[in-house]
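Q: Pasting in a structure now, in structure tokens, and then I'll have a few things to ask.
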Amino acid sequence: VVVYISKKIHYKLHKNRATRLIKKRVGEIALLYGVKLRKIAIRNQKSRWGSCSKNGNLNFNYKLIFLAPELCDYVIVHEICHLIEFNHSARFWAQVAKTVPDYSIKRKVLRSVNLNKLGFQ
Ligand SMILES: [Zn+2]
């Protein structure tokens, strides 16, 4: 039997586990970079994996938990590096490369993921 559930219910079902797993990993990666964390929110975003606000709050898509762990890590590393460099300059990418040397491959793979369908297959 195939049960179809709404996007809203899917988010409700997975939010707590996503919050626990993502926050744990964010804490570990923040330690590697020696950055201080502010607010971390896990959201149901339609088209973003994560974001960093000007005042240093981080947002992550709950669907990160449905990605391969190394892709999830890349997204977290990316946002944490924005706490160091609030731009996409060469200096920013050099920070990313410290822990994800093959970040350009990971970016390419992520672009091929259908975020809308992820977690529903
Ligand atoms: Zn960015």
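Numbering starts fresh at 1 for the residues of each chain in the structure tokens, the chains themselves are lettered A, B, ... in the order given, and ligands are numbered from 1 as they appear.
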Please identify all polymer residues within 10 Å of A:Arg48, counting only C-alpha atoms, omitting same-chain residues fewer than 5 positions from it, and present them as a JSON list (two decimals) with N, CA, C and O atoms, in the first residue's frame.
A:
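To be explicit, this is the file written out as out-v6.json:
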[["chain", "number", "residue", "atom", "x", "y", "z"],
["A", 43, "ARG", "N", 13.82, 24.73, 8.82],
["A", 43, "ARG", "CA", 12.59, 25.15, 8.15],
["A", 43, "ARG", "C", 12.23, 24.26, 6.98],
["A", 43, "ARG", "O", 13.05, 23.50, 6.48],
["A", 59, "ASN", "N", 19.81, 29.21, 8.96],
["A", 59, "ASN", "CA", 18.59, 28.45, 8.64],
["A", 59, "ASN", "C", 18.96, 27.25, 7.79],
["A", 59, "ASN", "O", 19.80, 27.37, 6.90],
["A", 60, "PHE", "N", 18.32, 26.12, 8.08],
["A", 60, "PHE", "CA", 18.57, 24.92, 7.28],
["A", 60, "PHE", "C", 17.25, 24.27, 6.90],
["A", 60, "PHE", "O", 16.29, 24.28, 7.67],
["A", 61, "ASN", "N", 17.26, 23.67, 5.72],
["A", 61, "ASN", "CA", 16.10, 22.95, 5.23],
["A", 61, "ASN", "C", 16.03, 21.58, 5.92],
["A", 61, "ASN", "O", 17.03, 20.87, 5.97],
["A", 63, "LYS", "N", 14.94, 18.97, 4.88],
["A", 63, "LYS", "CA", 15.19, 17.88, 3.93],
["A", 63, "LYS", "C", 16.68, 17.52, 3.79],
["A", 63, "LYS", "O", 17.01, 16.56, 3.10],
["A", 115, "LEU", "N", 14.71, 19.06, -4.96],
["A", 115, "LEU", "CA", 14.37, 19.35, -3.56],
["A", 115, "LEU", "C", 12.89, 19.09, -3.27],
["A", 115, "LEU", "O", 12.51, 18.61, -2.21]]
Q: Sort by chain and increasing residue number a table of all residues of chain A within 8 Å of ligand 1, each with its closest pair of atoms and their distance in Å to one decimal, counting only C-alpha atoms and all ligand atoms, and write it as JSON lines.
A:
{"residue": "A:Ser51", "atom": "CA", "partner": "ligand 1", "partner_atom_place_in_ligand_line": "1 (Zn)", "distance": 7.0}
{"residue": "A:Cys52", "atom": "CA", "partner": "ligand 1", "partner_atom_place_in_ligand_line": "1 (Zn)", "distance": 7.7}
{"residue": "A:His78", "atom": "CA", "partner": "ligand 1", "partner_atom_place_in_ligand_line": "1 (Zn)", "distance": 6.1}
{"residue": "A:Glu79", "atom": "CA", "partner": "ligand 1", "partner_atom_place_in_ligand_line": "1 (Zn)", "distance": 6.2}
{"residue": "A:His82", "atom": "CA", "partner": "ligand 1", "partner_atom_place_in_ligand_line": "1 (Zn)", "distance": 6.6}
{"residue": "A:Phe86", "atom": "CA", "partner": "ligand 1", "partner_atom_place_in_ligand_line": "1 (Zn)", "distance": 7.9}
{"residue": "A:Asn87", "atom": "CA", "partner": "ligand 1", "partner_atom_place_in_ligand_line": "1 (Zn)", "distance": 6.7}
{"residue": "A:His88", "atom": "CA", "partner": "ligand 1", "partner_atom_place_in_ligand_line": "1 (Zn)", "distance": 6.1}
Q: Once you have the residues from the selection above, write them out as a compact mmCIF listing (two decimals), in the first residue's frame, restricted to N, CA and C atoms.
A:
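Done, and the output landed in selection16.txt:
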# COMPACT_ATOMS: atom_id res chain seq x y z
N SER A 51 20.61 29.02 4.72
CA SER A 51 20.95 30.43 4.54
C SER A 51 21.54 30.98 5.84
N CYS A 52 22.19 32.12 5.67
CA CYS A 52 22.83 32.78 6.81
C CYS A 52 22.40 34.24 6.78
N HIS A 78 29.08 25.29 4.24
CA HIS A 78 28.84 26.50 3.44
C HIS A 78 28.26 27.62 4.31
N GLU A 79 27.21 27.31 5.06
CA GLU A 79 26.58 28.36 5.87
C GLU A 79 27.47 28.79 7.02
N HIS A 82 29.92 31.30 6.02
CA HIS A 82 29.37 32.66 5.88
C HIS A 82 29.47 33.44 7.19
N PHE A 86 31.01 36.82 4.79
CA PHE A 86 29.61 36.99 4.40
C PHE A 86 29.51 37.36 2.91
N ASN A 87 30.01 36.46 2.07
CA ASN A 87 30.02 36.69 0.62
C ASN A 87 30.43 35.36 -0.04
N HIS A 88 30.56 35.38 -1.36
CA HIS A 88 31.05 34.18 -2.06
C HIS A 88 32.38 34.49 -2.74
Q: Per DSSP on the backbone, what are the strand (DSSP E) residues of chain A, as a ChimeraX atom specification?
A: /A:40-43,50-52,58-61
Q: Set out as JSON lines a contact list for stretch 45-88 of chain A and stretch 104-113 of chain A with a cut-off of 12 Å, giving each residue of stretch 45-88 of chain A that qualifies its closest atom pair and distance in Å to one decimal, counting only C-alpha atoms, ordered by chain and rising residue number.
A:
{"residue": "A:Ser47", "atom": "CA", "partner": "A:Arg111", "partner_atom": "CA", "distance": 10.7}
{"residue": "A:Arg48", "atom": "CA", "partner": "A:Arg111", "partner_atom": "CA", "distance": 10.7}
{"residue": "A:Trp49", "atom": "CA", "partner": "A:Leu110", "partner_atom": "CA", "distance": 9.2}
{"residue": "A:Lys63", "atom": "CA", "partner": "A:Val113", "partner_atom": "CA", "distance": 11.2}
{"residue": "A:Leu64", "atom": "CA", "partner": "A:Leu110", "partner_atom": "CA", "distance": 10.6}
{"residue": "A:Phe66", "atom": "CA", "partner": "A:Val113", "partner_atom": "CA", "distance": 10.7}
{"residue": "A:Leu67", "atom": "CA", "partner": "A:Val113", "partner_atom": "CA", "distance": 8.9}
{"residue": "A:Ala68", "atom": "CA", "partner": "A:Leu110", "partner_atom": "CA", "distance": 10.1}
{"residue": "A:Pro69", "atom": "CA", "partner": "A:Lys106", "partner_atom": "CA", "distance": 11.3}
{"residue": "A:Glu70", "atom": "CA", "partner": "A:Lys106", "partner_atom": "CA", "distance": 8.3}
{"residue": "A:Leu71", "atom": "CA", "partner": "A:Lys106", "partner_atom": "CA", "distance": 6.3}
{"residue": "A:Cys72", "atom": "CA", "partner": "A:Leu110", "partner_atom": "CA", "distance": 9.5}
{"residue": "A:Asp73", "atom": "CA", "partner": "A:Lys106", "partner_atom": "CA", "distance": 9.9}
{"residue": "A:Tyr74", "atom": "CA", "partner": "A:Lys106", "partner_atom": "CA", "distance": 7.1}
{"residue": "A:Val75", "atom": "CA", "partner": "A:Arg107", "partner_atom": "CA", "distance": 8.9}
{"residue": "A:Val77", "atom": "CA", "partner": "A:Lys106", "partner_atom": "CA", "distance": 11.6}
{"residue": "A:His78", "atom": "CA", "partner": "A:Arg107", "partner_atom": "CA", "distance": 10.2}
Q: Keeping only C-alpha atoms, take the residues you just selected and write them out as a short mmCIF file (atom, residue, chain, number, x, y, z; two decimals), in the first residue's frame.
A:
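Below is the file again.cif, written as the result:
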data_model
loop_
_atom_site.label_atom_id
_atom_site.label_comp_id
_atom_site.auth_asym_id
_atom_site.auth_seq_id
_atom_site.Cartn_x
_atom_site.Cartn_y
_atom_site.Cartn_z
CA SER A 47 14.07 26.16 -2.87
CA ARG A 48 16.94 26.65 -0.43
CA TRP A 49 19.17 24.22 1.44
CA LYS A 63 15.19 17.88 3.93
CA LEU A 64 18.97 17.92 4.46
CA PHE A 66 17.42 12.94 3.17
CA LEU A 67 20.69 13.79 1.42
CA ALA A 68 23.89 11.75 1.53
CA PRO A 69 25.70 12.78 4.76
CA GLU A 70 28.61 14.37 2.86
CA LEU A 71 26.20 16.59 0.91
CA CYS A 72 24.43 17.60 4.11
CA ASP A 73 27.84 18.40 5.61
CA TYR A 74 28.72 20.57 2.61
CA VAL A 75 25.58 22.69 3.08
CA VAL A 77 30.00 23.97 6.05
CA HIS A 78 28.84 26.50 3.44
#
Q: Pick from A:Val1, A:Ala30, A:Ile9, A:Leu118: nearest to A:Ile84, with only C-alpha atoms counted?
A: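 Of all the options, A:Ala30 lies closest to A:Ile84.
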Q: Considering only C-alpha atoms, state which residue in the set A:Lys12, A:Lys24, A:Lys36, A:Lys46 is at the smallest distance from A:Asn116.
A: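 Closest to A:Asn116 of all the choices is A:Lys46.
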Q: Find the spatial neighbours of A:Val26, counting only C-alpha atoms, within a cut-off of 9 Å - ignore same-chain residues fewer than 2 positions away - and output them as a list of chain:residue names.
A: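 Counting only C-alpha atoms, the residues come to A:Leu21, A:Ile22, A:Lys23, A:Lys24, A:Glu28, A:Ile29, A:Ala30, A:Leu31, A:Leu37, A:Ile40, A:Asp73, A:Ile76, A:Val77, A:Ile80.
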Q: Taking C-alpha atoms for each residue, export the selection above as a compact mmCIF listing (two decimals), in the first residue's frame.
A:
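Generated file (part-v4.txt):
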# COMPACT_ATOMS: atom_id res chain seq x y z
CA LEU A 21 20.62 15.69 13.55
CA ILE A 22 21.31 19.03 11.86
CA LYS A 23 22.00 20.93 15.10
CA LYS A 24 24.39 18.21 16.23
CA GLU A 28 30.57 19.82 15.40
CA ILE A 29 31.44 21.80 12.27
CA ALA A 30 31.30 25.12 14.12
CA LEU A 31 33.95 23.72 16.49
CA LEU A 37 26.74 30.09 16.82
CA ILE A 40 19.73 27.93 14.27
CA ASP A 73 27.84 18.40 5.61
CA ILE A 76 26.36 23.12 6.78
CA VAL A 77 30.00 23.97 6.05
CA ILE A 80 29.10 28.23 8.71
Q: So, counting only C-alpha atoms, which residue among A:Tyr62, A:Tyr103, A:Phe92, A:Tyr33 is closest to A:Lys8?
A: A:Tyr62
Q: Between atom CA of A:Cys81 and atom CA of A:Asn114, measure the distance and give it in Å to one decimal.
A: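 Result for atom CA of A:Cys81 versus atom CA of A:Asn114: 24.5 Å, one decimal.
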Q: State, in Å with one decimal place, the distance from atom CA of A:Gly27 to atom CA of A:Lys54.
A: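 So the answer is 19.5 Å.
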Q: Rounded to one decimal, what separation in Å do you get between atom CA of A:His10 and atom CA of A:Ile42?
A: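 Atom CA of A:His10 sits 13.8 Å away from atom CA of A:Ile42.
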Q: Need the shell around A:Arg38: protein/DNA/RNA residues with any atom at most 8 Å away, counting only C-alpha atoms. Skip same-chain ones fewer than 6 positions apart. Format as a ChimeraX atom specification?
A: /A:56-58
Q: Write out as number ranges by chain the set of residues from chain A that DSSP, computed on the backbone, places in helix (DSSP H, G or I).
A: A: 7-33, 62-66, 69-81, 90-99, 103-112
Q: Once you have the residues from the selection above, write them out as a short mmCIF file (atom, residue, chain, number, x, y, z; two decimals), in the first residue's frame, restricted to C-alpha atoms.
A:
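And here's selection18.cif as it stands now:
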data_model
loop_
_atom_site.label_atom_id
_atom_site.label_comp_id
_atom_site.auth_asym_id
_atom_site.auth_seq_id
_atom_site.Cartn_x
_atom_site.Cartn_y
_atom_site.Cartn_z
CA LYS A 7 4.13 18.26 2.38
CA LYS A 8 2.93 19.82 5.62
CA ILE A 9 2.52 16.44 7.33
CA HIS A 10 5.86 15.27 5.95
CA TYR A 11 7.55 18.27 7.55
CA LYS A 12 5.73 17.66 10.85
CA LEU A 13 6.81 14.00 10.82
CA HIS A 14 10.49 14.72 10.21
CA LYS A 15 11.12 18.12 11.80
CA ASN A 16 12.18 16.91 15.26
CA ARG A 17 14.65 14.34 13.96
CA ALA A 18 15.97 16.81 11.38
CA THR A 19 16.47 19.47 14.08
CA ARG A 20 18.36 17.05 16.31
CA LEU A 21 20.62 15.69 13.55
CA ILE A 22 21.31 19.03 11.86
CA LYS A 23 22.00 20.93 15.10
CA LYS A 24 24.39 18.21 16.23
CA ARG A 25 26.36 18.43 12.98
CA VAL A 26 26.28 22.25 12.99
CA GLY A 27 27.79 22.18 16.48
CA GLU A 28 30.57 19.82 15.40
CA ILE A 29 31.44 21.80 12.27
CA ALA A 30 31.30 25.12 14.12
CA LEU A 31 33.95 23.72 16.49
CA LEU A 32 36.21 22.88 13.52
CA TYR A 33 35.99 26.48 12.33
CA TYR A 62 14.73 19.93 7.13
CA LYS A 63 15.19 17.88 3.93
CA LEU A 64 18.97 17.92 4.46
CA ILE A 65 18.47 14.65 6.39
CA PHE A 66 17.42 12.94 3.17
CA PRO A 69 25.70 12.78 4.76
CA GLU A 70 28.61 14.37 2.86
CA LEU A 71 26.20 16.59 0.91
CA CYS A 72 24.43 17.60 4.11
CA ASP A 73 27.84 18.40 5.61
CA TYR A 74 28.72 20.57 2.61
CA VAL A 75 25.58 22.69 3.08
CA ILE A 76 26.36 23.12 6.78
CA VAL A 77 30.00 23.97 6.05
CA HIS A 78 28.84 26.50 3.44
CA GLU A 79 26.58 28.36 5.87
CA ILE A 80 29.10 28.23 8.71
CA CYS A 81 31.75 29.72 6.42
CA ALA A 90 37.68 33.47 -3.17
CA ARG A 91 38.38 33.80 0.55
CA PHE A 92 34.98 32.30 1.31
CA TRP A 93 35.61 29.28 -0.95
CA ALA A 94 39.06 28.83 0.57
CA GLN A 95 37.35 28.46 3.96
CA VAL A 96 34.93 25.89 2.54
CA ALA A 97 37.81 23.96 0.93
CA LYS A 98 39.48 23.53 4.33
CA THR A 99 36.96 20.82 5.21
CA TYR A 103 33.10 21.32 -2.84
CA SER A 104 32.60 22.08 -6.54
CA ILE A 105 31.55 18.48 -7.19
CA LYS A 106 29.18 18.61 -4.23
CA ARG A 107 27.63 21.83 -5.54
CA LYS A 108 27.07 20.19 -8.91
CA VAL A 109 25.43 17.13 -7.37
CA LEU A 110 23.20 19.31 -5.16
CA ARG A 111 22.01 21.27 -8.18
CA SER A 112 20.81 17.99 -9.70
#
